$ cat my_file20.pdb   # PDB, C-alpha atoms
ATOM      1  CA  MET A   1      64.190 125.363 125.469
ATOM      2  CA  THR A   2      66.437 127.745 127.394
ATOM      3  CA  TRP A   3      69.625 128.578 125.546
ATOM      4  CA  VAL A   4      72.816 128.847 127.595
ATOM      5  CA  GLU A   5      75.839 130.347 125.830
ATOM      6  CA  PRO A   6      78.794 127.930 126.217
ATOM      7  CA  SER A   7      81.969 129.060 127.949
ATOM      8  CA  ILE A   8      85.447 128.182 126.748
ATOM      9  CA  GLU A   9      85.573 125.422 129.378
ATOM     10  CA  THR A  10      82.305 123.860 128.304
ATOM     11  CA  GLU A  11      83.320 124.194 124.652
ATOM     12  CA  LEU A  12      86.312 122.002 125.327
ATOM     13  CA  LEU A  13      84.468 119.467 127.467
ATOM     14  CA  GLY A  14      81.053 119.391 125.818
ATOM     15  CA  LEU A  15      79.131 120.110 129.043
ATOM     16  CA  ASN A  16      76.389 122.463 127.812
ATOM     17  CA  ARG A  17      73.456 120.329 128.919
ATOM     18  CA  ASN A  18      70.922 123.096 128.286
ATOM     19  CA  GLY A  19      71.760 123.250 124.596
ATOM     20  CA  PRO A  20      69.682 121.964 121.668
ATOM     21  CA  SER A  21      69.115 118.366 120.644
ATOM     22  CA  VAL A  22      71.237 117.708 117.569
ATOM     23  CA  VAL A  23      71.235 114.865 115.054
ATOM     24  CA  ALA A  24      74.286 114.418 112.812
ATOM     25  CA  ILE A  25      74.086 112.237 109.697
ATOM     26  CA  GLY A  26      76.940 110.617 107.762
ATOM     27  CA  GLY A  27      79.954 108.438 108.468
ATOM     28  CA  GLY A  28      83.705 108.163 108.654
ATOM     29  CA  HIS A  29      86.158 110.840 109.742
ATOM     30  CA  GLY A  30      83.856 113.680 108.645
ATOM     31  CA  LEU A  31      81.036 112.644 110.961
ATOM     32  CA  ALA A  32      83.486 112.163 113.827
ATOM     33  CA  GLN A  33      84.798 115.712 113.342
ATOM     34  CA  ALA A  34      81.251 117.054 113.268
ATOM     35  CA  LEU A  35      80.489 115.236 116.543
ATOM     36  CA  HIS A  36      83.519 116.815 118.221
ATOM     37  CA  ALA A  37      82.146 120.218 117.175
ATOM     38  CA  ILE A  38      78.564 119.476 118.203
ATOM     39  CA  GLN A  39      79.658 118.545 121.721
ATOM     40  CA  THR A  40      80.727 122.151 122.289
ATOM     41  CA  TYR A  41      77.118 123.421 122.397
ATOM     42  CA  ALA A  42      74.537 120.604 122.243
ATOM     43  CA  GLY A  43      72.510 119.224 125.122
ATOM     44  CA  GLU A  44      71.583 115.959 123.382
ATOM     45  CA  ILE A  45      73.451 114.328 120.498
ATOM     46  CA  THR A  46      72.557 111.478 118.159
ATOM     47  CA  ALA A  47      74.845 110.229 115.391
ATOM     48  CA  ILE A  48      73.008 108.454 112.572
ATOM     49  CA  VAL A  49      75.628 106.403 110.808
ATOM     50  CA  THR A  50      76.056 104.635 107.485
ATOM     51  CA  VAL A  51      76.141 100.823 107.414
ATOM     52  CA  ALA A  52      77.615 100.499 103.913
ATOM     53  CA  ASP A  53      81.310 100.161 104.818
ATOM     54  CA  ASP A  54      82.877  97.037 103.281
ATOM     55  CA  GLY A  55      86.568  97.753 103.822
ATOM     56  CA  GLY A  56      89.162  96.647 106.379
ATOM     57  CA  SER A  57      88.108  95.189 109.718
ATOM     58  CA  SER A  58      84.444  96.109 109.174
ATOM     59  CA  GLY A  59      84.271  94.294 105.848
ATOM     60  CA  ARG A  60      85.821  91.167 107.352
ATOM     61  CA  LEU A  61      83.266  91.114 110.182
ATOM     62  CA  VAL A  62      80.384  91.663 107.758
ATOM     63  CA  ASP A  63      81.548  88.639 105.750
ATOM     64  CA  SER A  64      82.352  86.345 108.684
ATOM     65  CA  LEU A  65      79.685  87.219 111.272
ATOM     66  CA  GLY A  66      76.904  88.911 109.299
ATOM     67  CA  LEU A  67      77.061  92.045 111.463
ATOM     68  CA  PRO A  68      76.344  95.558 110.269
ATOM     69  CA  PRO A  69      79.796  97.087 109.667
ATOM     70  CA  PRO A  70      80.914  98.407 113.065
ATOM     71  CA  GLY A  71      83.847 100.647 112.073
ATOM     72  CA  ASP A  72      82.102 103.977 111.494
ATOM     73  CA  LEU A  73      79.868 103.393 114.525
ATOM     74  CA  ARG A  74      82.902 102.670 116.712
ATOM     75  CA  ARG A  75      84.574 105.850 115.428
ATOM     76  CA  CYS A  76      81.493 107.850 116.446
ATOM     77  CA  LEU A  77      81.425 106.257 119.900
ATOM     78  CA  LEU A  78      85.033 107.334 120.394
ATOM     79  CA  ALA A  79      84.316 110.839 119.071
ATOM     80  CA  LEU A  80      81.565 111.178 121.670
ATOM     81  CA  THR A  81      83.785 109.952 124.502
ATOM     82  CA  PRO A  82      84.672 113.167 126.369
ATOM     83  CA  GLN A  83      87.758 112.123 128.308
ATOM     84  CA  PRO A  84      90.663 109.726 127.642
ATOM     85  CA  THR A  85      89.966 106.413 129.389
ATOM     86  CA  LEU A  86      91.323 102.884 129.309
ATOM     87  CA  TRP A  87      88.095 101.736 127.654
ATOM     88  CA  GLY A  88      88.567 104.377 124.974
ATOM     89  CA  GLU A  89      92.129 103.199 124.388
ATOM     90  CA  LEU A  90      90.884  99.634 124.019
ATOM     91  CA  PHE A  91      88.085 100.558 121.606
ATOM     92  CA  GLY A  92      90.615 102.447 119.494
ATOM     93  CA  TYR A  93      93.309  99.744 119.541
ATOM     94  CA  ARG A  94      94.166  97.995 116.251
ATOM     95  CA  PHE A  95      96.042  94.685 116.096
ATOM     96  CA  LYS A  96      99.189  94.574 113.973
ATOM     97  CA  ASP A  97     100.056  90.871 113.879
ATOM     98  CA  GLY A  98      98.610  87.373 113.810
ATOM     99  CA  ASP A  99      95.157  86.197 112.770
ATOM    100  CA  VAL A 100      93.627  89.421 114.075
ATOM    101  CA  ALA A 101      96.053  91.746 112.234
ATOM    102  CA  GLY A 102      94.158  94.789 110.938
ATOM    103  CA  HIS A 103      91.186  94.271 113.221
ATOM    104  CA  SER A 104      90.126  97.035 115.584
ATOM    105  CA  LEU A 105      89.581  95.718 119.096
ATOM    106  CA  GLY A 106      86.570  98.022 119.356
ATOM    107  CA  ASN A 107      84.991  96.304 116.354
ATOM    108  CA  LEU A 108      85.593  92.899 117.940
ATOM    109  CA  MET A 109      84.135  94.122 121.233
ATOM    110  CA  LEU A 110      80.998  95.299 119.465
ATOM    111  CA  ALA A 111      80.759  91.875 117.809
ATOM    112  CA  ALA A 112      81.130  90.183 121.214
ATOM    113  CA  LEU A 113      78.547  92.469 122.823
ATOM    114  CA  THR A 114      76.125  91.662 119.993
ATOM    115  CA  ASP A 115      76.587  87.943 120.670
ATOM    116  CA  VAL A 116      76.144  88.384 124.431
ATOM    117  CA  LEU A 117      73.206  90.809 124.327
ATOM    118  CA  GLY A 118      71.436  89.368 121.306
ATOM    119  CA  ASP A 119      71.337  92.324 118.922
ATOM    120  CA  PHE A 120      73.582  95.018 117.489
ATOM    121  CA  ASN A 121      71.635  98.042 118.764
ATOM    122  CA  SER A 122      71.867  96.770 122.333
ATOM    123  CA  ALA A 123      75.603  96.317 121.828
ATOM    124  CA  LEU A 124      75.970  99.955 120.774
ATOM    125  CA  LEU A 125      73.977 101.163 123.778
ATOM    126  CA  ALA A 126      76.107  99.057 126.117
ATOM    127  CA  ALA A 127      79.305 100.358 124.532
ATOM    128  CA  GLY A 128      78.045 103.894 125.037
ATOM    129  CA  VAL A 129      77.503 103.185 128.739
ATOM    130  CA  VAL A 130      80.987 101.693 129.121
ATOM    131  CA  LEU A 131      82.625 104.627 127.299
ATOM    132  CA  GLU A 132      80.378 107.202 129.040
ATOM    133  CA  THR A 133      79.659 108.870 125.726
ATOM    134  CA  ASN A 134      78.112 112.315 125.346
ATOM    135  CA  GLY A 135      75.451 111.007 122.997
ATOM    136  CA  GLU A 136      73.880 108.034 121.246
ATOM    137  CA  VAL A 137      75.169 106.264 118.140
ATOM    138  CA  VAL A 138      72.443 104.788 115.922
ATOM    139  CA  PRO A 139      72.958 102.767 112.710
ATOM    140  CA  VAL A 140      70.779 104.076 109.903
ATOM    141  CA  ALA A 141      69.560 100.507 109.277
ATOM    142  CA  ASN A 142      69.789  97.253 111.180
ATOM    143  CA  GLU A 143      71.690  95.361 108.480
ATOM    144  CA  TYR A 144      74.662  95.756 106.166
ATOM    145  CA  LEU A 145      73.765  97.643 102.991
ATOM    146  CA  ARG A 146      75.869  97.179  99.868
ATOM    147  CA  LEU A 147      76.387 100.249  97.691
ATOM    148  CA  ARG A 148      75.815 100.003  93.944
ATOM    149  CA  ALA A 149      76.661 102.976  91.724
ATOM    150  CA  THR A 150      76.678 103.806  88.043
ATOM    151  CA  VAL A 151      79.721 105.934  87.234
ATOM    152  CA  ASP A 152      80.088 107.226  83.669
ATOM    153  CA  GLY A 153      77.908 104.357  82.464
ATOM    154  CA  HIS A 154      79.775 101.624  84.354
ATOM    155  CA  ARG A 155      78.331  99.717  87.320
ATOM    156  CA  VAL A 156      80.486  99.771  90.448
ATOM    157  CA  GLU A 157      79.700  97.733  93.588
ATOM    158  CA  GLY A 158      80.834  98.199  97.169
ATOM    159  CA  GLN A 159      81.779 101.203  99.289
ATOM    160  CA  VAL A 160      85.536 100.835  98.739
ATOM    161  CA  ALA A 161      85.166 100.548  94.957
ATOM    162  CA  VAL A 162      82.725 103.468  94.693
ATOM    163  CA  SER A 163      84.962 105.645  96.869
ATOM    164  CA  ALA A 164      87.952 105.101  94.586
ATOM    165  CA  GLN A 165      86.061 105.590  91.313
ATOM    166  CA  ARG A 166      86.609 108.785  89.350
ATOM    167  CA  GLY A 167      83.822 110.116  87.180
ATOM    168  CA  HIS A 168      80.215 111.317  87.353
ATOM    169  CA  VAL A 169      78.017 109.270  89.673
ATOM    170  CA  GLU A 170      74.821 108.881  87.668
ATOM    171  CA  ASP A 171      73.014 106.577  90.087
ATOM    172  CA  LEU A 172      73.478 105.370  93.662
ATOM    173  CA  ARG A 173      71.506 102.499  95.150
ATOM    174  CA  LEU A 174      71.504 100.113  98.095
ATOM    175  CA  VAL A 175      71.318  96.338  98.082
ATOM    176  CA  PRO A 176      68.847  95.167  99.263
ATOM    177  CA  GLU A 177      66.631  97.930  97.872
ATOM    178  CA  ASP A 178      63.680  97.067 100.136
ATOM    179  CA  VAL A 179      65.601  97.897 103.322
ATOM    180  CA  THR A 180      63.817  99.879 106.007
ATOM    181  CA  ALA A 181      65.462 102.586 108.078
ATOM    182  CA  ASN A 182      66.061 102.145 111.787
ATOM    183  CA  GLU A 183      62.944 103.541 113.489
ATOM    184  CA  THR A 184      65.040 105.042 116.270
ATOM    185  CA  ALA A 185      67.002 107.008 113.669
ATOM    186  CA  LEU A 186      63.836 108.362 112.060
ATOM    187  CA  ALA A 187      62.338 109.340 115.421
ATOM    188  CA  LYS A 188      65.525 111.163 116.430
ATOM    189  CA  ILE A 189      65.546 113.120 113.159
ATOM    190  CA  ARG A 190      61.921 114.190 113.547
ATOM    191  CA  SER A 191      62.381 115.391 117.126
ATOM    192  CA  ALA A 192      65.761 117.156 116.791
ATOM    193  CA  ASP A 193      66.203 120.910 117.203
ATOM    194  CA  GLN A 194      69.005 120.819 114.633
ATOM    195  CA  ILE A 195      69.932 118.348 111.870
ATOM    196  CA  VAL A 196      73.530 118.389 110.640
ATOM    197  CA  LEU A 197      74.657 116.810 107.374
ATOM    198  CA  ALA A 198      78.274 115.947 108.104
ATOM    199  CA  PRO A 199      81.262 116.506 105.835
ATOM    200  CA  GLY A 200      83.346 113.630 104.541
ATOM    201  CA  SER A 201      82.898 111.188 101.674
ATOM    202  CA  LEU A 202      79.898 112.579  99.827
ATOM    203  CA  TYR A 203      78.568 109.398  98.228
ATOM    204  CA  THR A 204      79.929 106.612 100.430
ATOM    205  CA  SER A 205      79.307 108.237 103.834
ATOM    206  CA  LEU A 206      76.664 110.982 103.661
ATOM    207  CA  LEU A 207      74.551 109.830 100.731
ATOM    208  CA  SER A 208      74.816 106.154 101.654
ATOM    209  CA  THR A 209      72.923 107.229 104.792
ATOM    210  CA  LEU A 210      70.476 109.690 103.234
ATOM    211  CA  ILE A 211      69.310 107.287 100.489
ATOM    212  CA  VAL A 212      68.085 104.690 102.990
ATOM    213  CA  PRO A 213      64.291 104.777 102.453
ATOM    214  CA  GLY A 214      62.612 107.104 104.931
ATOM    215  CA  VAL A 215      65.674 109.116 105.968
ATOM    216  CA  SER A 216      65.511 112.060 103.560
ATOM    217  CA  GLN A 217      61.725 112.090 103.998
ATOM    218  CA  ALA A 218      62.191 112.357 107.782
ATOM    219  CA  VAL A 219      64.597 115.269 107.274
ATOM    220  CA  ASP A 220      62.072 116.958 104.962
ATOM    221  CA  SER A 221      59.254 116.662 107.492
ATOM    222  CA  ALA A 222      61.314 117.581 110.564
ATOM    223  CA  SER A 223      60.979 120.994 112.193
ATOM    224  CA  GLY A 224      64.614 121.201 113.300
ATOM    225  CA  ARG A 225      66.991 123.599 111.575
ATOM    226  CA  LEU A 226      69.090 121.988 108.813
ATOM    227  CA  ALA A 227      72.814 122.621 108.289
ATOM    228  CA  TYR A 228      75.215 121.116 105.772
ATOM    229  CA  ILE A 229      78.952 121.263 106.521
ATOM    230  CA  LEU A 230      80.562 121.554 103.103
ATOM    231  CA  ASN A 231      83.828 119.689 102.584
ATOM    232  CA  ILE A 232      86.961 121.828 102.604
ATOM    233  CA  ILE A 233      88.632 119.863  99.790
ATOM    234  CA  THR A 234      87.632 117.330  97.171
ATOM    235  CA  GLN A 235      88.269 113.634  97.652
ATOM    236  CA  ASP A 236      90.665 111.952  95.258
ATOM    237  CA  GLY A 237      88.138 109.550  93.801
ATOM    238  CA  GLU A 238      84.410 110.002  94.253
ATOM    239  CA  THR A 239      84.319 113.835  94.318
ATOM    240  CA  ALA A 240      87.402 114.697  92.227
ATOM    241  CA  ASP A 241      86.918 118.130  90.595
ATOM    242  CA  MET A 242      83.414 118.627  92.070
ATOM    243  CA  THR A 243      82.460 122.185  93.063
ATOM    244  CA  GLY A 244      80.532 123.119  96.180
ATOM    245  CA  ALA A 245      77.351 123.616  94.173
ATOM    246  CA  GLU A 246      77.781 120.160  92.645
ATOM    247  CA  HIS A 247      78.066 118.657  96.145
ATOM    248  CA  VAL A 248      74.740 120.234  97.139
ATOM    249  CA  ARG A 249      73.072 119.319  93.852
ATOM    250  CA  ALA A 250      74.166 115.694  94.233
ATOM    251  CA  ILE A 251      72.576 115.531  97.697
ATOM    252  CA  HIS A 252      69.209 116.579  96.293
ATOM    253  CA  GLU A 253      69.392 114.499  93.115
ATOM    254  CA  ARG A 254      70.647 111.253  94.651
ATOM    255  CA  SER A 255      68.681 111.292  97.946
ATOM    256  CA  GLY A 256      65.500 113.075  96.904
ATOM    257  CA  LEU A 257      65.933 115.588  99.745
ATOM    258  CA  LYS A 258      63.565 118.494  99.108
ATOM    259  CA  ARG A 259      64.209 120.976 101.894
ATOM    260  CA  ALA A 260      67.215 123.238 102.269
ATOM    261  CA  GLY A 261      68.919 124.954 105.175
ATOM    262  CA  THR A 262      72.263 126.645 105.692
ATOM    263  CA  ILE A 263      75.574 125.629 104.140
ATOM    264  CA  ILE A 264      78.708 126.170 106.240
ATOM    265  CA  ASP A 265      81.511 126.994 103.814
ATOM    266  CA  HIS A 266      85.097 127.446 104.983
ATOM    267  CA  ARG A 267      86.679 130.774 104.095
ATOM    268  CA  GLY A 268      90.264 131.288 105.160
ATOM    269  CA  GLU A 269      93.834 130.486 104.331
ATOM    270  CA  PHE A 270      94.917 126.855 104.090
ATOM    271  CA  GLU A 271      97.283 124.823 101.955
ATOM    272  CA  VAL A 272      95.573 122.652  99.344
ATOM    273  CA  PRO A 273      97.395 119.302  99.064
ATOM    274  CA  ALA A 274      98.497 118.022  95.680
ATOM    275  CA  GLY A 275      95.893 115.964  93.839
ATOM    276  CA  VAL A 276      92.834 117.650  95.359
ATOM    277  CA  LYS A 277      91.076 121.025  95.077
ATOM    278  CA  SER A 278      89.372 123.374  97.497
ATOM    279  CA  VAL A 279      85.577 123.130  97.641
ATOM    280  CA  GLU A 280      83.760 126.458  97.656
ATOM    281  CA  ILE A 281      80.328 127.861  96.927
ATOM    282  CA  ASP A 282      79.263 131.483  96.581
ATOM    283  CA  GLU A 283      76.073 133.107  97.800
ATOM    284  CA  ASP A 284      74.412 133.251  94.379
ATOM    285  CA  GLU A 285      75.041 129.540  93.790
ATOM    286  CA  ALA A 286      73.690 128.650  97.237
ATOM    287  CA  LEU A 287      70.582 130.803  96.832
ATOM    288  CA  ALA A 288      69.908 129.304  93.407
ATOM    289  CA  LEU A 289      69.794 125.903  95.095
ATOM    290  CA  GLY A 290      67.503 127.246  97.860
ATOM    291  CA  TRP A 291      70.139 127.321 100.610
ATOM    292  CA  ASP A 292      71.425 130.066 102.880
ATOM    293  CA  LEU A 293      75.181 130.412 103.191
ATOM    294  CA  LEU A 294      77.426 130.924 106.202
ATOM    295  CA  GLN A 295      81.058 131.570 105.254
ATOM    296  CA  ASP A 296      83.582 131.490 108.071
ATOM    297  CA  ASP A 297      87.039 130.264 108.995
ATOM    298  CA  VAL A 298      86.226 126.772 110.308
ATOM    299  CA  ALA A 299      89.442 124.918 109.351
ATOM    300  CA  ASP A 300      92.020 123.520 111.744
ATOM    301  CA  ALA A 301      95.143 125.606 111.138
ATOM    302  CA  THR A 302      97.331 123.119 113.043
ATOM    303  CA  SER A 303      96.371 119.987 111.094
ATOM    304  CA  GLY A 304      98.682 118.486 108.517
ATOM    305  CA  TRP A 305      95.677 117.768 106.291
ATOM    306  CA  PRO A 306      92.709 120.111 105.722
ATOM    307  CA  GLN A 307      89.943 119.348 108.199
ATOM    308  CA  HIS A 308      87.434 121.227 110.315
ATOM    309  CA  ASP A 309      88.408 122.671 113.684
ATOM    310  CA  PRO A 310      85.933 121.452 116.354
ATOM    311  CA  ILE A 311      85.841 124.725 118.293
ATOM    312  CA  LYS A 312      85.464 126.982 115.230
ATOM    313  CA  LEU A 313      82.926 124.670 113.627
ATOM    314  CA  GLY A 314      81.044 124.303 116.909
ATOM    315  CA  ARG A 315      80.651 128.066 117.192
ATOM    316  CA  ALA A 316      79.296 128.272 113.628
ATOM    317  CA  LEU A 317      76.826 125.440 114.238
ATOM    318  CA  ALA A 318      75.786 126.911 117.586
ATOM    319  CA  ALA A 319      75.026 130.252 115.922
ATOM    320  CA  LEU A 320      72.799 128.468 113.386
ATOM    321  CA  ALA A 321      71.011 126.505 116.126
ATOM    322  CA  LYS A 322      69.955 129.781 117.782
ATOM    323  CA  ARG A 323      68.415 131.317 114.646
TER     324      ARG A 323
END
$ encode --input "my_file20.pdb" --output "structure tokens"
Amino acid sequence: MTWVEPSIETELLGLNRNGPSVVAIGGGHGLAQALHAIQTYAGEITAIVTVADDGGSSGRLVDSLGLPPPGDLRRCLLALTPQPTLWGELFGYRFKDGDVAGHSLGNLMLAALTDVLGDFNSALLAAGVVLETNGEVVPVANEYLRLRATVDGHRVEGQVAVSAQRGHVEDLRLVPEDVTANETALAKIRSADQIVLAPGSLYTSLLSTLIVPGVSQAVDSASGRLAYILNIITQDGETADMTGAEHVRAIHERSGLKRAGTIIDHRGEFEVPAGVKSVEIDEDEALALGWDLLQDDVADATSGWPQHDPIKLGRALAALAKR
């Protein structure tokens, strides 16, 4: 592969077609932010997305139509859409009133495409064509997976409930337990030049994807470089008071992931909102867990809530892809 250093223009537009093939794993806002960053340097992008969401519009469609939850997948499609378009506006539109109040039109369109085309994966591919996305969005499994956790000795069921629960997550499982991972997702992981574990909800987004049977094993056997984007702050609920080292340890313990790579840890000034804490890890802690550490200013200084800056994060990830 011939590496071409991205210019400022291509960083903003995601046009570096000679860059590496990158797979990003996770869900929610964190995965979407990672995809914005990855578009600044990658030549091929695949988002492998959780199907454990049971809240809001997605949860209603799971219950009524038996679809995999479309919300996180729709968010990734929009994150990979390079330019504002009418189709993008429609996929992002949310109804406020009537029987469809709370539903995202994009979720309903994915449901309609599934009905027309016969299966959910074809619907996602068609949506990608319509939106002219810069990559492919792949569900980690072809069915809805219900999360089941044990938190401080108490059983908690469902993504929304697990996300809100405070305490030590002692066990995390999927229902049904005999689910098989999407073969396209596994193939993309094995062939990628770089594998990115996205920030965001540790248990209900990232780990709900990694614990699908076959996924962590595919990451272990892959030759692509591995990077983990550490959260900037804790989440009020599932990761309250967790340190950076505890985030990494939970990934290994809950998913069975054996290999390590490089942790991207934000270092720079930012205001920590009330009720949460900054998440940090030092070099000794990272090395003790088998990981390398890249510390850099990767936060968005203009955001009202701590989150990663796509350009800064993209440059850090691009540097790791070239090693």
$ closest_residue --input "my_file20.pdb" --among "A:Val22, A:Ile229, A:Leu289, A:Ala319" --to "His252 in chain A" --atoms "only C-alpha atoms"
A:Leu289
$ resolve_selection --input "my_file20.pdb" --expression "the PyMOL selection byres ((chain A and resi 46-62) around 7)" --output "PyMOL selection string"
chain A and resi 22-27+44-45+63-73+102-104+135-141+144-147+158-160+185+205+208-209
$ write_last_selection --input "my_file20.pdb" --atoms "C-alpha atoms" --output "compact mmCIF listing (two decimals), in the coordinates of the input"
# COMPACT_ATOMS: atom_id res chain seq x y z
CA VAL A 22 71.24 117.71 117.57
CA VAL A 23 71.24 114.86 115.05
CA ALA A 24 74.29 114.42 112.81
CA ILE A 25 74.09 112.24 109.70
CA GLY A 26 76.94 110.62 107.76
CA GLY A 27 79.95 108.44 108.47
CA GLU A 44 71.58 115.96 123.38
CA ILE A 45 73.45 114.33 120.50
CA ASP A 63 81.55 88.64 105.75
CA SER A 64 82.35 86.34 108.68
CA LEU A 65 79.68 87.22 111.27
CA GLY A 66 76.90 88.91 109.30
CA LEU A 67 77.06 92.04 111.46
CA PRO A 68 76.34 95.56 110.27
CA PRO A 69 79.80 97.09 109.67
CA PRO A 70 80.91 98.41 113.06
CA GLY A 71 83.85 100.65 112.07
CA ASP A 72 82.10 103.98 111.49
CA LEU A 73 79.87 103.39 114.52
CA GLY A 102 94.16 94.79 110.94
CA HIS A 103 91.19 94.27 113.22
CA SER A 104 90.13 97.04 115.58
CA GLY A 135 75.45 111.01 123.00
CA GLU A 136 73.88 108.03 121.25
CA VAL A 137 75.17 106.26 118.14
CA VAL A 138 72.44 104.79 115.92
CA PRO A 139 72.96 102.77 112.71
CA VAL A 140 70.78 104.08 109.90
CA ALA A 141 69.56 100.51 109.28
CA TYR A 144 74.66 95.76 106.17
CA LEU A 145 73.76 97.64 102.99
CA ARG A 146 75.87 97.18 99.87
CA LEU A 147 76.39 100.25 97.69
CA GLY A 158 80.83 98.20 97.17
CA GLN A 159 81.78 101.20 99.29
CA VAL A 160 85.54 100.84 98.74
CA ALA A 185 67.00 107.01 113.67
CA SER A 205 79.31 108.24 103.83
CA SER A 208 74.82 106.15 101.65
CA THR A 209 72.92 107.23 104.79
$ closest_residue --input "my_file20.pdb" --among "A:Lys277, A:Arg94, A:Arg254, A:Lys188" --to "Asn107 in chain A" --atoms "only C-alpha atoms"
A:Arg94
$ residues_around --input "my_file20.pdb" --residues "Arg173 in chain A" --least-positions-apart "3" --cutoff "8 Å" --atoms "only C-alpha atoms" --output "ChimeraX atom specification"
/A:147-149,177,211
$ write_last_selection --input "my_file20.pdb" --atoms "C-alpha atoms" --output "CSV table (one decimal), keeping the file's coordinate frame"
chain,number,residue,atom,x,y,z
A,147,LEU,CA,76.4,100.2,97.7
A,148,ARG,CA,75.8,100.0,93.9
A,149,ALA,CA,76.7,103.0,91.7
A,177,GLU,CA,66.6,97.9,97.9
A,211,ILE,CA,69.3,107.3,100.5
$ atom_distance --input "my_file20.pdb" --atom1 "CA of Glu143 in chain A" --atom2 "CA of Asn121 in chain A"
10.6 Å
$ atom_distance --input "my_file20.pdb" --atom1 "CA of Gly290 in chain A" --atom2 "CA of Leu257 in chain A"
11.9 Å
$ resolve_selection --input "my_file20.pdb" --expression "the PyMOL selection byres ((chain A and resi 310-313) around 8)" --output "ChimeraX atom specification"
/A:11-12,33-34,36-38,40,297-300,308-309,314-317
$ resolve_selection --input "my_file20.pdb" --expression "the PyMOL selection byres ((chain A and resi 231) around 12)" --output "VMD selection string"
chain A and resid 29 to 31 33 to 34 197 to 202 206 228 to 230 232 to 235 239 242 to 248 263 to 267 276 to 281 298 to 299 306 to 308
$ residues_around --input "my_file20.pdb" --residues "Ser163 in chain A" --least-positions-apart "4" --cutoff "7 Å" --atoms "only C-alpha atoms" --output "ChimeraX atom specification"
/A:159,204,237-238
$ write_last_selection --input "my_file20.pdb" --atoms "C-alpha atoms" --output "PDB file, in the frame of the given file"
ATOM      1  CA  GLN A 159      81.779 101.203  99.289  1.00  0.00           C
ATOM      2  CA  THR A 204      79.929 106.612 100.430  1.00  0.00           C
ATOM      3  CA  GLY A 237      88.138 109.550  93.801  1.00  0.00           C
ATOM      4  CA  GLU A 238      84.410 110.002  94.253  1.00  0.00           C
TER       5      GLU A 238
END
$ atom_distance --input "my_file20.pdb" --atom1 "CA of Leu113 in chain A" --atom2 "CA of Asn142 in chain A"
15.3 Å
$ closest_residue --input "my_file20.pdb" --among "A:Leu294, A:Arg225, A:Arg190, A:Arg166" --to "Tyr203 in chain A" --atoms "all atoms listed in the file"
A:Arg166
$ closest_residue --input "my_file20.pdb" --among "A:Glu269, A:Asp171, A:Glu253, A:Asp292" --to "Leu226 in chain A" --atoms "only C-alpha atoms"
A:Asp292
$ closest_residue --input "my_file20.pdb" --among "A:Ser223, A:Ser216, A:Thr114, A:Thr150" --to "Ala127 in chain A" --atoms "all atoms listed in the file"
A:Thr114
$ closest_residue --input "my_file20.pdb" --among "A:Asp236, A:Asn134, A:Leu210, A:Asp220" --to "Pro273 in chain A" --atoms "all atoms listed in the file"
A:Asp236
$ residues_around --input "my_file20.pdb" --residues "Leu186 in chain A" --least-positions-apart "6" --cutoff "9 Å" --atoms "only C-alpha atoms" --output "ChimeraX atom specification"
/A:140,214-215,218-219
$ residues_around --input "my_file20.pdb" --residues "Leu90 in chain A" --least-positions-apart "6" --cutoff "12 Å" --atoms "all atoms listed in the file" --output "mmCIF file with C-alpha atoms, in the coordinates of the input"
data_model
loop_
_atom_site.group_PDB
_atom_site.id
_atom_site.type_symbol
_atom_site.label_atom_id
_atom_site.label_comp_id
_atom_site.auth_asym_id
_atom_site.auth_seq_id
_atom_site.Cartn_x
_atom_site.Cartn_y
_atom_site.Cartn_z
ATOM 1 C CA ARG A 74 82.902 102.670 116.712
ATOM 2 C CA LEU A 78 85.033 107.334 120.394
ATOM 3 C CA PRO A 84 90.663 109.726 127.642
ATOM 4 C CA SER A 104 90.126 97.035 115.584
ATOM 5 C CA LEU A 105 89.581 95.718 119.096
ATOM 6 C CA GLY A 106 86.570 98.022 119.356
ATOM 7 C CA ASN A 107 84.991 96.304 116.354
ATOM 8 C CA LEU A 108 85.593 92.899 117.940
ATOM 9 C CA MET A 109 84.135 94.122 121.233
ATOM 10 C CA LEU A 110 80.998 95.299 119.465
ATOM 11 C CA ALA A 127 79.305 100.358 124.532
ATOM 12 C CA VAL A 130 80.987 101.693 129.121
ATOM 13 C CA LEU A 131 82.625 104.627 127.299
#
